[in-house]
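Text of my_file27.txt (compact mmCIF, C-alpha atoms and all ligand atoms) as supplied:
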# COMPACT_ATOMS: atom_id res chain seq x y z
CA MET A 1293 99.38 -10.38 64.78
CA ALA A 1294 95.75 -11.49 64.46
CA GLN A 1295 93.55 -9.84 67.03
CA THR A 1296 89.87 -9.53 67.85
CA LEU A 1297 88.30 -6.18 68.49
CA ILE A 1298 85.10 -6.26 70.45
CA ALA A 1299 82.32 -3.85 69.49
CA GLU A 1300 80.72 -3.70 72.97
CA ASP A 1301 78.82 -0.53 72.25
CA ILE A 1302 76.65 -1.80 69.43
CA ASP A 1303 72.97 -1.57 70.27
CA LEU A 1304 70.72 -3.65 68.02
CA GLY A 1305 67.80 -1.19 68.45
CA ALA A 1306 69.92 1.66 67.07
CA LEU A 1307 71.04 -0.62 64.26
CA TRP A 1308 67.40 -1.28 63.40
CA ASP A 1309 66.71 2.47 63.14
CA ASP A 1310 69.76 3.31 61.01
CA PRO A 1311 72.64 0.86 60.67
CA TYR A 1312 74.70 2.89 58.19
CA PRO A 1313 76.74 5.14 60.56
CA THR A 1314 77.71 2.08 62.63
CA PHE A 1315 78.60 0.09 59.52
CA ALA A 1316 80.81 2.97 58.25
CA ARG A 1317 82.63 3.11 61.60
CA LEU A 1318 83.17 -0.65 61.67
CA ARG A 1319 84.42 -0.73 58.05
CA ALA A 1320 86.98 1.95 58.91
CA GLU A 1321 88.09 0.82 62.37
CA ASN A 1322 87.05 -2.72 63.09
CA PRO A 1323 85.98 -4.58 59.92
CA VAL A 1324 85.73 -8.05 61.52
CA ALA A 1325 84.27 -7.11 64.90
CA TRP A 1326 82.92 -9.38 67.60
CA VAL A 1327 79.47 -7.98 68.44
CA PRO A 1328 78.33 -9.41 71.78
CA ALA A 1329 74.76 -8.09 71.38
CA ALA A 1330 74.33 -10.20 68.23
CA GLY A 1331 76.61 -13.14 69.15
CA HIS A 1332 78.31 -12.86 65.76
CA PHE A 1333 81.44 -11.46 64.16
CA PHE A 1334 80.28 -8.66 61.85
CA LEU A 1335 81.94 -8.72 58.40
CA THR A 1336 81.40 -5.21 57.10
CA ARG A 1337 83.84 -4.78 54.18
CA PHE A 1338 82.86 -5.68 50.62
CA ASP A 1339 85.93 -7.85 49.95
CA ASP A 1340 85.57 -9.83 53.20
CA VAL A 1341 81.87 -10.47 52.55
CA VAL A 1342 82.59 -11.66 48.99
CA HIS A 1343 85.46 -13.86 50.25
CA ALA A 1344 83.19 -15.52 52.84
CA GLU A 1345 80.39 -15.93 50.27
CA ARG A 1346 82.71 -17.67 47.81
CA ASN A 1347 84.38 -19.96 50.34
CA GLY A 1348 81.44 -21.96 51.62
CA GLU A 1349 83.70 -24.83 52.72
CA ILE A 1350 85.09 -22.48 55.42
CA PHE A 1351 82.04 -20.26 55.95
CA ASN A 1352 79.31 -22.90 56.23
CA SER A 1353 75.58 -22.48 55.71
CA THR A 1354 74.78 -25.90 57.17
CA ALA A 1355 73.21 -25.46 60.59
CA PRO A 1356 71.12 -28.44 61.76
CA GLU A 1357 70.41 -26.69 65.06
CA SER A 1358 69.19 -23.51 63.34
CA LEU A 1359 65.71 -22.10 63.63
CA VAL A 1360 65.35 -22.28 59.83
CA HIS A 1361 65.82 -26.03 60.12
CA ARG A 1362 63.37 -26.31 63.03
CA VAL A 1363 60.66 -24.13 61.49
CA MET A 1364 60.90 -25.05 57.79
CA GLY A 1365 62.87 -28.32 57.63
CA HIS A 1366 66.16 -29.18 55.91
CA ALA A 1367 65.99 -26.57 53.14
CA PHE A 1368 68.80 -25.94 50.64
CA ILE A 1369 69.54 -22.47 52.00
CA ARG A 1370 71.12 -24.20 55.04
CA LYS A 1371 73.19 -26.73 53.11
CA ASP A 1372 76.65 -26.66 51.54
CA GLY A 1373 78.62 -28.24 48.70
CA ASP A 1374 77.08 -31.13 46.79
CA ASP A 1375 74.04 -31.36 49.11
CA HIS A 1376 73.17 -27.76 48.37
CA ALA A 1377 73.94 -28.04 44.65
CA ALA A 1378 71.74 -31.14 44.24
CA ASP A 1379 68.63 -29.44 45.67
CA ARG A 1380 69.35 -26.17 43.92
CA ARG A 1381 69.63 -27.91 40.53
CA GLN A 1382 66.13 -29.28 41.00
CA VAL A 1383 64.66 -25.92 42.06
CA MET A 1384 66.22 -23.73 39.36
CA PRO A 1385 64.10 -24.74 36.33
CA ALA A 1386 61.24 -22.78 37.96
CA PHE A 1387 63.45 -19.65 38.15
CA SER A 1388 65.51 -19.80 34.93
CA PRO A 1389 65.60 -16.70 32.71
CA ALA A 1390 63.56 -18.67 30.13
CA ALA A 1391 60.90 -19.62 32.70
CA VAL A 1392 60.67 -16.03 33.89
CA LYS A 1393 60.35 -14.72 30.35
CA THR A 1394 57.90 -17.25 28.98
CA ARG A 1395 55.79 -17.80 32.06
CA TRP A 1396 56.12 -15.44 35.00
CA ARG A 1397 56.45 -12.10 33.23
CA ALA A 1398 52.91 -12.23 31.81
CA ALA A 1399 51.51 -13.42 35.15
CA PHE A 1400 53.24 -10.52 36.96
CA GLN A 1401 51.84 -8.05 34.42
CA THR A 1402 48.28 -9.31 34.91
CA ILE A 1403 48.68 -8.84 38.67
CA ALA A 1404 50.10 -5.29 38.36
CA ASP A 1405 47.34 -4.24 35.95
CA ASP A 1406 44.64 -5.67 38.18
CA LEU A 1407 46.00 -3.91 41.29
CA LEU A 1408 46.25 -0.59 39.45
CA ASP A 1409 42.70 -0.95 38.06
CA GLY A 1410 41.59 -0.92 41.69
CA LEU A 1411 43.95 1.85 42.83
CA GLU A 1412 43.61 4.36 39.98
CA PRO A 1413 40.19 5.77 40.96
CA ARG A 1414 41.08 6.06 44.66
CA GLY A 1415 43.45 9.05 44.39
CA ALA A 1416 45.42 8.23 47.53
CA GLY A 1417 46.62 5.28 49.59
CA ASP A 1418 49.53 3.50 51.17
CA LEU A 1419 51.33 1.84 48.27
CA PHE A 1420 53.28 -0.38 50.67
CA THR A 1421 50.14 -2.24 51.77
CA ASP A 1422 47.96 -1.58 48.69
CA PHE A 1423 50.45 -2.24 45.89
CA ALA A 1424 53.90 -3.57 46.91
CA ALA A 1425 52.68 -6.25 49.36
CA PRO A 1426 49.89 -7.74 47.17
CA MET A 1427 52.13 -7.53 44.07
CA ALA A 1428 54.79 -9.63 45.82
CA ALA A 1429 52.36 -12.07 47.45
CA ARG A 1430 50.23 -12.72 44.37
CA SER A 1431 53.40 -13.23 42.31
CA LEU A 1432 54.60 -15.75 44.90
CA VAL A 1433 51.30 -17.67 44.71
CA GLU A 1434 51.92 -18.02 40.94
CA VAL A 1435 55.59 -18.96 41.15
CA THR A 1436 55.22 -21.51 43.96
CA GLY A 1437 52.19 -23.17 42.31
CA LEU A 1438 50.17 -22.97 45.54
CA ALA A 1439 47.01 -21.69 43.87
CA THR A 1440 44.77 -22.48 46.85
CA ILE A 1441 46.51 -19.90 49.07
CA ALA A 1442 44.88 -16.46 49.24
CA TRP A 1443 47.51 -13.72 48.76
CA GLN A 1444 46.79 -12.34 52.23
CA ASP A 1445 47.64 -15.73 53.75
CA MET A 1446 50.75 -15.99 51.57
CA ALA A 1447 51.96 -12.59 52.85
CA ARG A 1448 51.09 -13.38 56.47
CA TRP A 1449 52.50 -16.89 56.51
CA SER A 1450 55.74 -15.75 54.92
CA GLN A 1451 56.11 -13.10 57.63
CA TRP A 1452 55.16 -15.50 60.43
CA MET A 1453 57.73 -18.06 59.29
CA MET A 1454 60.43 -15.39 59.12
CA ASP A 1455 59.43 -14.15 62.59
CA ALA A 1456 59.70 -17.71 63.91
CA VAL A 1457 63.10 -18.11 62.23
CA GLY A 1458 64.31 -14.98 64.06
CA ASN A 1459 62.74 -16.04 67.37
CA TYR A 1460 66.03 -16.46 69.27
CA HIS A 1461 64.40 -15.46 72.54
CA GLY A 1462 61.87 -18.33 72.31
CA ASP A 1463 58.67 -16.28 72.38
CA PRO A 1464 55.87 -18.91 72.41
CA ALA A 1465 53.46 -16.64 70.46
CA LEU A 1466 55.94 -16.32 67.57
CA ALA A 1467 56.58 -20.07 67.61
CA ALA A 1468 52.82 -20.77 67.49
CA ARG A 1469 52.29 -18.44 64.54
CA GLY A 1470 55.24 -20.06 62.74
CA ALA A 1471 53.61 -23.47 63.27
CA GLU A 1472 50.26 -22.17 61.99
CA ALA A 1473 52.01 -20.82 58.86
CA THR A 1474 53.86 -24.05 58.09
CA ALA A 1475 50.68 -26.12 58.68
CA GLY A 1476 48.80 -23.88 56.23
CA ILE A 1477 51.53 -24.27 53.61
CA ASP A 1478 51.66 -28.06 54.10
CA ALA A 1479 47.88 -28.24 53.58
CA ALA A 1480 48.17 -26.17 50.39
CA ILE A 1481 50.97 -28.45 49.12
CA ASP A 1482 48.81 -31.52 49.83
CA ALA A 1483 45.89 -29.92 47.97
CA MET A 1484 48.01 -29.13 44.88
CA VAL A 1485 50.07 -32.36 44.55
CA PRO A 1486 47.43 -34.39 42.64
CA ARG A 1487 46.66 -31.48 40.31
CA LEU A 1488 50.30 -30.66 39.51
CA THR A 1489 51.25 -34.34 39.15
CA ALA A 1490 48.52 -34.72 36.52
CA GLU A 1491 49.21 -31.37 34.87
CA PRO A 1492 52.73 -30.01 35.46
CA ASP A 1493 52.86 -26.22 35.07
CA GLY A 1494 56.50 -25.14 35.60
CA SER A 1495 55.87 -23.77 39.11
CA VAL A 1496 58.24 -24.52 41.99
CA LEU A 1497 56.04 -27.30 43.40
CA SER A 1498 55.52 -28.74 39.94
CA VAL A 1499 59.23 -28.87 38.99
CA LEU A 1500 60.17 -30.42 42.34
CA LEU A 1501 57.51 -33.12 41.96
CA SER A 1502 58.67 -33.84 38.40
CA ALA A 1503 62.29 -34.07 39.60
CA GLY A 1504 61.28 -36.72 42.15
CA MET A 1505 62.53 -34.77 45.18
CA PRO A 1506 61.45 -36.51 48.43
CA MET A 1507 58.27 -34.95 49.83
CA GLU A 1508 59.91 -33.86 53.07
CA LEU A 1509 62.53 -31.87 51.14
CA ILE A 1510 59.89 -30.42 48.81
CA ARG A 1511 58.03 -29.10 51.86
CA ALA A 1512 61.18 -27.53 53.31
CA ASN A 1513 62.30 -25.95 50.04
CA VAL A 1514 58.87 -24.56 49.16
CA LYS A 1515 58.76 -22.97 52.62
CA VAL A 1516 62.17 -21.39 52.27
CA ILE A 1517 61.15 -19.95 48.90
CA ILE A 1518 58.00 -18.51 50.50
CA GLY A 1519 60.14 -17.09 53.31
CA GLY A 1520 62.59 -15.51 50.82
CA GLY A 1521 60.20 -14.51 48.06
CA GLN A 1522 57.76 -12.13 49.75
CA ASN A 1523 59.36 -9.33 51.76
CA GLU A 1524 62.33 -8.64 49.48
CA PRO A 1525 60.41 -7.87 46.28
CA ARG A 1526 57.81 -6.02 48.37
CA ASP A 1527 60.51 -3.87 49.94
CA ALA A 1528 62.25 -3.28 46.61
CA ILE A 1529 58.99 -2.18 44.97
CA ALA A 1530 58.03 0.20 47.78
CA GLY A 1531 61.62 1.34 48.36
CA LEU A 1532 62.44 2.09 44.73
CA ALA A 1533 59.13 3.96 44.30
CA TRP A 1534 59.98 6.01 47.40
CA ALA A 1535 63.57 6.69 46.25
CA LEU A 1536 62.29 8.07 42.94
CA LEU A 1537 59.39 10.04 44.42
CA ALA A 1538 61.73 11.65 46.94
CA ASP A 1539 64.28 12.68 44.30
CA PRO A 1540 62.81 14.43 41.24
CA ALA A 1541 66.15 14.47 39.39
CA GLN A 1542 66.47 10.66 39.60
CA ARG A 1543 62.81 10.26 38.67
CA ALA A 1544 63.35 12.43 35.59
CA LEU A 1545 66.13 10.09 34.44
CA VAL A 1546 63.86 7.03 34.32
CA ALA A 1547 60.99 9.10 32.90
CA ALA A 1548 63.27 10.08 30.01
CA ASP A 1549 64.70 6.58 29.43
CA ALA A 1550 62.68 3.46 30.23
CA GLY A 1551 65.86 1.46 29.64
CA LEU A 1552 67.02 2.69 33.06
CA TRP A 1553 64.48 0.72 35.12
CA GLY A 1554 66.86 -2.22 35.47
CA ARG A 1555 69.66 0.02 36.66
CA ALA A 1556 67.28 1.80 39.06
CA PHE A 1557 66.35 -1.53 40.64
CA GLU A 1558 69.98 -2.64 41.03
CA GLU A 1559 70.95 0.75 42.47
CA TYR A 1560 68.07 0.63 44.98
CA ILE A 1561 69.00 -2.83 46.30
CA ARG A 1562 72.62 -1.70 46.56
CA TRP A 1563 71.62 1.47 48.44
CA ILE A 1564 69.17 -0.21 50.85
CA SER A 1565 69.72 -3.95 50.60
CA PRO A 1566 66.45 -5.78 51.41
CA ILE A 1567 68.50 -8.67 52.87
CA GLY A 1568 71.10 -6.88 54.96
CA MET A 1569 72.70 -9.93 56.53
CA VAL A 1570 73.12 -13.69 56.18
CA PRO A 1571 74.78 -15.86 58.85
CA ARG A 1572 77.53 -18.44 58.39
CA THR A 1573 79.49 -20.73 60.74
CA VAL A 1574 83.28 -21.03 60.50
CA SER A 1575 84.37 -24.65 59.92
CA ARG A 1576 88.16 -24.31 60.30
CA GLU A 1577 90.71 -21.81 61.51
CA THR A 1578 91.06 -18.86 59.15
CA GLU A 1579 91.99 -15.18 59.12
CA LEU A 1580 90.10 -12.23 57.71
CA SER A 1581 91.25 -8.58 57.76
CA GLY A 1582 93.80 -9.54 60.43
CA VAL A 1583 91.29 -11.24 62.72
CA ARG A 1584 91.64 -14.93 63.53
CA LEU A 1585 88.43 -16.95 63.35
CA LYS A 1586 88.11 -20.46 64.76
CA PRO A 1587 85.78 -23.41 64.13
CA GLY A 1588 82.30 -22.75 65.49
CA ASP A 1589 82.54 -18.95 65.29
CA ARG A 1590 79.35 -17.38 63.95
CA VAL A 1591 79.83 -14.65 61.38
CA ALA A 1592 77.34 -12.19 59.91
CA LEU A 1593 77.92 -11.29 56.26
CA LEU A 1594 76.59 -7.76 56.13
CA PHE A 1595 75.47 -7.12 52.55
CA GLY A 1596 73.93 -3.84 53.78
CA SER A 1597 77.40 -2.64 54.77
CA ALA A 1598 79.36 -4.20 51.88
CA ASN A 1599 77.09 -2.36 49.45
CA ARG A 1600 78.07 0.94 51.07
CA ASP A 1601 81.82 0.25 51.10
CA GLU A 1602 83.49 3.51 50.08
CA THR A 1603 86.41 1.64 48.52
CA LYS A 1604 83.98 0.14 45.98
CA PHE A 1605 81.36 2.86 45.45
CA ASP A 1606 81.77 6.63 45.16
CA ALA A 1607 79.51 8.47 47.64
CA PRO A 1608 77.87 5.16 48.58
CA GLU A 1609 75.19 6.84 50.74
CA ARG A 1610 73.64 8.41 47.61
CA PHE A 1611 70.93 6.76 45.52
CA ASP A 1612 72.43 7.60 42.15
CA LEU A 1613 71.44 6.11 38.80
CA SER A 1614 74.44 7.61 37.07
CA ARG A 1615 77.10 5.83 39.13
CA GLU A 1616 79.58 3.90 37.04
CA LYS A 1617 80.78 1.24 39.46
CA SER A 1618 77.69 -0.55 40.66
CA GLN A 1619 78.62 -4.24 41.10
CA HIS A 1620 76.74 -4.91 44.34
CA VAL A 1621 76.21 -8.00 46.52
CA ALA A 1622 72.52 -7.48 47.31
CA PHE A 1623 71.74 -10.93 45.83
CA GLY A 1624 74.81 -12.54 47.40
CA ALA A 1625 77.94 -13.58 45.54
CA GLY A 1626 78.56 -17.32 45.81
CA PRO A 1627 76.79 -20.67 45.48
CA HIS A 1628 73.78 -19.32 47.43
CA PHE A 1629 73.31 -16.38 45.05
CA CYS A 1630 69.60 -15.54 45.14
CA ALA A 1631 67.66 -18.26 43.31
CA GLY A 1632 64.85 -15.81 42.57
CA ALA A 1633 67.01 -12.98 41.18
CA TRP A 1634 65.67 -13.17 37.62
CA ALA A 1635 62.10 -13.37 38.83
CA ALA A 1636 62.69 -10.43 41.18
CA ARG A 1637 64.28 -8.26 38.46
CA THR A 1638 61.38 -8.94 36.14
CA GLN A 1639 58.70 -8.50 38.79
CA VAL A 1640 60.10 -5.22 40.10
CA ALA A 1641 62.02 -3.56 37.26
CA GLU A 1642 60.16 -4.77 34.18
CA VAL A 1643 56.62 -4.89 35.52
CA ALA A 1644 55.68 -3.36 38.90
CA LEU A 1645 57.55 -0.03 38.79
CA PRO A 1646 57.18 0.83 35.08
CA THR A 1647 53.47 -0.01 35.27
CA LEU A 1648 52.95 1.99 38.47
CA PHE A 1649 54.64 5.13 37.12
CA ALA A 1650 52.96 4.82 33.70
CA ARG A 1651 49.47 4.34 35.11
CA LEU A 1652 49.80 7.04 37.82
CA PRO A 1653 51.90 9.75 36.15
CA ARG A 1654 51.11 12.33 38.85
CA LEU A 1655 52.11 10.00 41.66
CA ARG A 1656 53.58 11.84 44.66
CA LEU A 1657 54.46 11.31 48.31
CA ASN A 1658 51.70 12.18 50.76
CA GLY A 1659 53.52 11.90 54.09
CA PRO A 1660 56.84 10.92 55.64
CA VAL A 1661 58.41 7.52 54.96
CA ARG A 1662 60.45 5.67 57.57
CA CYS A 1663 62.71 2.66 56.99
CA GLY A 1664 63.53 -0.01 59.55
CA GLY A 1665 65.74 -3.06 60.01
CA TRP A 1666 69.30 -4.25 59.47
CA VAL A 1667 68.91 -8.03 58.94
CA PHE A 1668 66.08 -7.10 56.56
CA ARG A 1669 65.57 -3.44 55.71
CA GLY A 1670 63.00 -1.42 53.82
CA PRO A 1671 60.32 1.25 54.07
CA LEU A 1672 57.54 0.61 56.58
CA THR A 1673 54.86 2.64 54.78
CA LEU A 1674 54.51 4.52 51.48
CA PRO A 1675 51.74 7.14 51.76
CA CYS A 1676 51.02 8.51 48.28
CA ALA A 1677 48.51 10.57 46.33
CA TRP A 1678 47.76 10.66 42.58
CA ASP A 1679 45.09 11.99 40.23
C1 LIG A 1701 64.64 -7.78 45.53
C2 LIG A 1701 64.40 -9.04 45.74
C3 LIG A 1701 65.36 -10.02 46.35
C4 LIG A 1701 66.57 -9.84 46.98
C5 LIG A 1701 67.30 -8.53 47.22
C6 LIG A 1701 67.05 -11.15 47.37
C7 LIG A 1701 68.25 -11.38 48.04
C8 LIG A 1701 68.73 -12.62 48.38
C9 LIG A 1701 69.96 -12.86 49.11
C10 LIG A 1701 70.90 -11.78 49.61
C11 LIG A 1701 70.09 -14.20 49.25
C12 LIG A 1701 71.21 -14.91 50.01
C13 LIG A 1701 72.38 -15.07 49.13
C14 LIG A 1701 73.54 -15.74 49.80
O1 LIG A 1701 73.45 -16.20 50.94
O2 LIG A 1701 74.59 -15.81 49.13
C15 LIG A 1701 68.96 -14.82 48.63
C16 LIG A 1701 68.78 -16.18 48.55
C17 LIG A 1701 67.63 -16.76 48.06
N1 LIG A 1701 66.56 -16.11 47.48
FE1 LIG A 1701 66.40 -14.11 47.13
N2 LIG A 1701 66.13 -12.09 47.00
C18 LIG A 1701 65.09 -11.46 46.36
C19 LIG A 1701 63.97 -12.05 45.81
C20 LIG A 1701 63.71 -13.39 45.81
C21 LIG A 1701 62.54 -14.02 45.27
C22 LIG A 1701 61.40 -13.26 44.56
C23 LIG A 1701 62.64 -15.36 45.51
C24 LIG A 1701 61.69 -16.48 45.17
C25 LIG A 1701 60.45 -16.37 44.78
C26 LIG A 1701 63.90 -15.58 46.18
C27 LIG A 1701 64.37 -16.82 46.59
C28 LIG A 1701 65.61 -17.04 47.16
C29 LIG A 1701 66.09 -18.36 47.54
C30 LIG A 1701 65.35 -19.67 47.35
C31 LIG A 1701 67.37 -18.18 48.08
C32 LIG A 1701 68.31 -19.27 48.61
C33 LIG A 1701 69.30 -19.65 47.52
C34 LIG A 1701 70.31 -20.69 47.97
O3 LIG A 1701 70.50 -20.88 49.18
O4 LIG A 1701 70.91 -21.32 47.09
N3 LIG A 1701 64.52 -14.37 46.36
N4 LIG A 1701 68.15 -13.84 48.10

Output the file's structure in the form of structure tokens.
Amino acid sequence: MAQTLIAEDIDLGALWDDPYPTFARLRAENPVAWVPAAGHFFLTRFDDVVHAERNGEIFNSTAPESLVHRVMGHAFIRKDGDDHAADRRQVMPAFSPAAVKTRWRAAFQTIADDLLDGLEPRGAGDLFTDFAAPMAARSLVEVTGLATIAWQDMARWSQWMMDAVGNYHGDPALAARGAEATAGIDAAIDAMVPRLTAEPDGSVLSVLLSAGMPMELIRANVKVIIGGGQNEPRDAIAGLAWALLADPAQRALVAADAGLWGRAFEEYIRWISPIGMVPRTVSRETELSGVRLKPGDRVALLFGSANRDETKFDAPERFDLSREKSQHVAFGAGPHFCAGAWAARTQVAEVALPTLFARLPRLRLNGPVRCGGWVFRGPLTLPCAWD
């Protein structure tokens, strides 16, 4: 008989510190658990998460009342079916493997080289703030086509929008910063439209203008790409560097074989998934792992837990470049599969990390590193020294 088990004891603060013991318990005992503290059913098993991802007509992304909609507008991340596919088709030329190879790879390399020119003589620093964050933000300035935005504003505005999107308790300060961020982005879009209309350049704004997407949708979709394109590559750059610096045996593997950088990146985002959760709304009665879900139920697809499912990965808590089964869901698994995945792989695994470790061969940790988050998760600092 279908039943609902309530996970009353789940404390979101403890989840932020370290969600993995709770996820392991839920996977074993209560894989589709109602979590009152979050107001969502938590889907913690790999197969359930993939099932929900692939069945968007039951597990809907559309949410007109959502904060994403209110802060950014009607972006494609909160659409389903043909509506979603139509917007996504117009966005993707900016993110295709060919675009990444012919256009963005060289731009990412110039950014990494420039950052390391500045870092090399310093001998020590926090590579989270001094390398990972500017690498991600300057790359995002290039890819979006918003050349008038300083990278510091890009990083800040992305964060402020995401804070406003998570502002369920209605904090007026967070709402005001979200509004400041979206106004700044709108002004940058207005400044670039004449230039990119006259001289298209393959950037997100440029391809959307060429496709004739209505301006209101362009604004929403550019914002969602800024919201999704900053923290994840930043956290993957800092997190993968930390994983390798903390484990000399794993570092030796990539030092001996540069062909392993791609695998190292995929293994890092499996191990600590930068996007740990995406929400969906159930549209019709259905059953998952013996639990009945009804229309209107909110479910949380926990990529951070699915990627540690012991039925899919041996010793999932280990960062291990030699694992054989490594098909993760850190980029999602259905129609919303990360639009920026090729750009992220190239930015992180082909450019940022290989360049960092080649330019600073005696790079080492210079203090403790702490991770935080469960909706989004990554290192909070990366104190390092080199010579
Ligand atoms: C390590 C880096 C990254 C990770 C781990 C990541 C992960 C994800 C995940 C889990 C989703 C949701 C998938 C789903 O709901 O099925 C997503 C969607 C998305 N990502 Fe990424 N992402 C990364 C980098 C980027 C970058 C660099 C960009 C753009 C510059 C980007 C743009 C997007 C967009 C636009 C979507 C929405 C796609 C849609 O709804 O169709 N992401 N990403």

Check: What would the list of residues within 12 Å of (49.5, -15.5, 66.0) (file frame) look like as number ranges by chain, if only C-alpha atoms are what count?
Finding: A: 1448-1449, 1451-1453, 1455-1456, 1463-1473

Item checked: Å distance separating CA of Gly1519 (chain A) from CA of Met1454 (chain A), one decimal place ->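 We find that CA of Gly1519 (chain A) and CA of Met1454 (chain A) lie 6.1 Å from each other.
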
Notebook entry, point to check: So which residues are near ligand LIG 1701 (chain A), meaning at most 8 Å away with only C-alpha atoms and all ligand atoms counted, given back as a ChimeraX atom specification?
Noted result: /A:1345,1368-1371,1376-1377,1380,1387,1428,1432,1435-1436,1513,1516-1529,1561,1565-1570,1595,1621-1633,1635-1637,1639-1640

Next item on the list: Could you please give me, as a ChimeraX atom specification, the residues of protein, DNA or RNA lying at most 12 Å from (57.4, 1.5, 36.3) in the coordinate frame of the file, considering only C-alpha atoms?
Entry: /A:1401,1404-1405,1408,1529-1530,1532-1533,1536-1537,1543,1546-1547,1549-1554,1556-1557,1638-1653,1655

Any chance you could export the current selection's C-alpha atoms as a PDB file, keeping the file's coordinate frame?
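Okay, this is what ended up in selection_13.pdb:
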ATOM      1  CA  GLN A1401      51.840  -8.050  34.420  1.00  0.00           C
ATOM      2  CA  ALA A1404      50.100  -5.290  38.360  1.00  0.00           C
ATOM      3  CA  ASP A1405      47.340  -4.240  35.950  1.00  0.00           C
ATOM      4  CA  LEU A1408      46.250  -0.590  39.450  1.00  0.00           C
ATOM      5  CA  ILE A1529      58.990  -2.180  44.970  1.00  0.00           C
ATOM      6  CA  ALA A1530      58.030   0.200  47.780  1.00  0.00           C
ATOM      7  CA  LEU A1532      62.440   2.090  44.730  1.00  0.00           C
ATOM      8  CA  ALA A1533      59.130   3.960  44.300  1.00  0.00           C
ATOM      9  CA  LEU A1536      62.290   8.070  42.940  1.00  0.00           C
ATOM     10  CA  LEU A1537      59.390  10.040  44.420  1.00  0.00           C
ATOM     11  CA  ARG A1543      62.810  10.260  38.670  1.00  0.00           C
ATOM     12  CA  VAL A1546      63.860   7.030  34.320  1.00  0.00           C
ATOM     13  CA  ALA A1547      60.990   9.100  32.900  1.00  0.00           C
ATOM     14  CA  ASP A1549      64.700   6.580  29.430  1.00  0.00           C
ATOM     15  CA  ALA A1550      62.680   3.460  30.230  1.00  0.00           C
ATOM     16  CA  GLY A1551      65.860   1.460  29.640  1.00  0.00           C
ATOM     17  CA  LEU A1552      67.020   2.690  33.060  1.00  0.00           C
ATOM     18  CA  TRP A1553      64.480   0.720  35.120  1.00  0.00           C
ATOM     19  CA  GLY A1554      66.860  -2.220  35.470  1.00  0.00           C
ATOM     20  CA  ALA A1556      67.280   1.800  39.060  1.00  0.00           C
ATOM     21  CA  PHE A1557      66.350  -1.530  40.640  1.00  0.00           C
ATOM     22  CA  THR A1638      61.380  -8.940  36.140  1.00  0.00           C
ATOM     23  CA  GLN A1639      58.700  -8.500  38.790  1.00  0.00           C
ATOM     24  CA  VAL A1640      60.100  -5.220  40.100  1.00  0.00           C
ATOM     25  CA  ALA A1641      62.020  -3.560  37.260  1.00  0.00           C
ATOM     26  CA  GLU A1642      60.160  -4.770  34.180  1.00  0.00           C
ATOM     27  CA  VAL A1643      56.620  -4.890  35.520  1.00  0.00           C
ATOM     28  CA  ALA A1644      55.680  -3.360  38.900  1.00  0.00           C
ATOM     29  CA  LEU A1645      57.550  -0.030  38.790  1.00  0.00           C
ATOM     30  CA  PRO A1646      57.180   0.830  35.080  1.00  0.00           C
ATOM     31  CA  THR A1647      53.470  -0.010  35.270  1.00  0.00           C
ATOM     32  CA  LEU A1648      52.950   1.990  38.470  1.00  0.00           C
ATOM     33  CA  PHE A1649      54.640   5.130  37.120  1.00  0.00           C
ATOM     34  CA  ALA A1650      52.960   4.820  33.700  1.00  0.00           C
ATOM     35  CA  ARG A1651      49.470   4.340  35.110  1.00  0.00           C
ATOM     36  CA  LEU A1652      49.800   7.040  37.820  1.00  0.00           C
ATOM     37  CA  PRO A1653      51.900   9.750  36.150  1.00  0.00           C
ATOM     38  CA  LEU A1655      52.110  10.000  41.660  1.00  0.00           C
TER      39      LEU A1655
END

Checklist line | Interatomic distance, CA of Phe1605 (chain A) to CA of Lys1617 (chain A) (Å, one decimal) | finding: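 Value for the CA of Phe1605 (chain A)-CA of Lys1617 (chain A) distance: 6.2 Å.
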
Margin query: Excluding region 1499-1503 of chain A and its own-chain neighbours fewer than 2 positions away, which residues fall within 7 Å of it when counting all atoms listed in the file? Please give them as number ranges by chain.
Written below: A: 1382-1383, 1385-1386, 1489, 1494-1497, 1505, 1510

Checklist line | 10 Å contact set for Leu1657 (chain A), all atoms listed in the file, chain neighbours under 6 positions out, as an NGL selection string | finding: :A and (1416-1419 or 1533-1534 or 1537-1538 or 1674-1678)

Checklist line | Length of the CA of Gly1458 (chain A) to CA of Phe1333 (chain A) vector [Å] | finding: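 For CA of Gly1458 (chain A) relative to CA of Phe1333 (chain A), the distance reads 17.5 Å.
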
Margin query: Measuring between all atoms listed in the file, which one of A:Ser1388, A:Thr1394, A:Gln1542, A:Ser1575 shows the shortest distance to Tyr1560 (chain A)?
Written below: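 Closest candidate: A:Gln1542.
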
Note to self: Would you pick out the contacts of Thr1578 (chain A) at 10 Å or less, using all atoms listed in the file, so that residues sharing its chain but fewer than 6 positions from it are not included, and give the list as a VMD selection string?
What the structure shows: chain A and resid 1350 to 1351 1584 to 1587

Save the residues we just selected, C-alpha atoms, as a PDB file, keeping the file's coordinate frame?
ATOM      1  CA  ILE A1350      85.090 -22.480  55.420  1.00  0.00           C
ATOM      2  CA  PHE A1351      82.040 -20.260  55.950  1.00  0.00           C
ATOM      3  CA  ARG A1584      91.640 -14.930  63.530  1.00  0.00           C
ATOM      4  CA  LEU A1585      88.430 -16.950  63.350  1.00  0.00           C
ATOM      5  CA  LYS A1586      88.110 -20.460  64.760  1.00  0.00           C
ATOM      6  CA  PRO A1587      85.780 -23.410  64.130  1.00  0.00           C
TER       7      PRO A1587
END
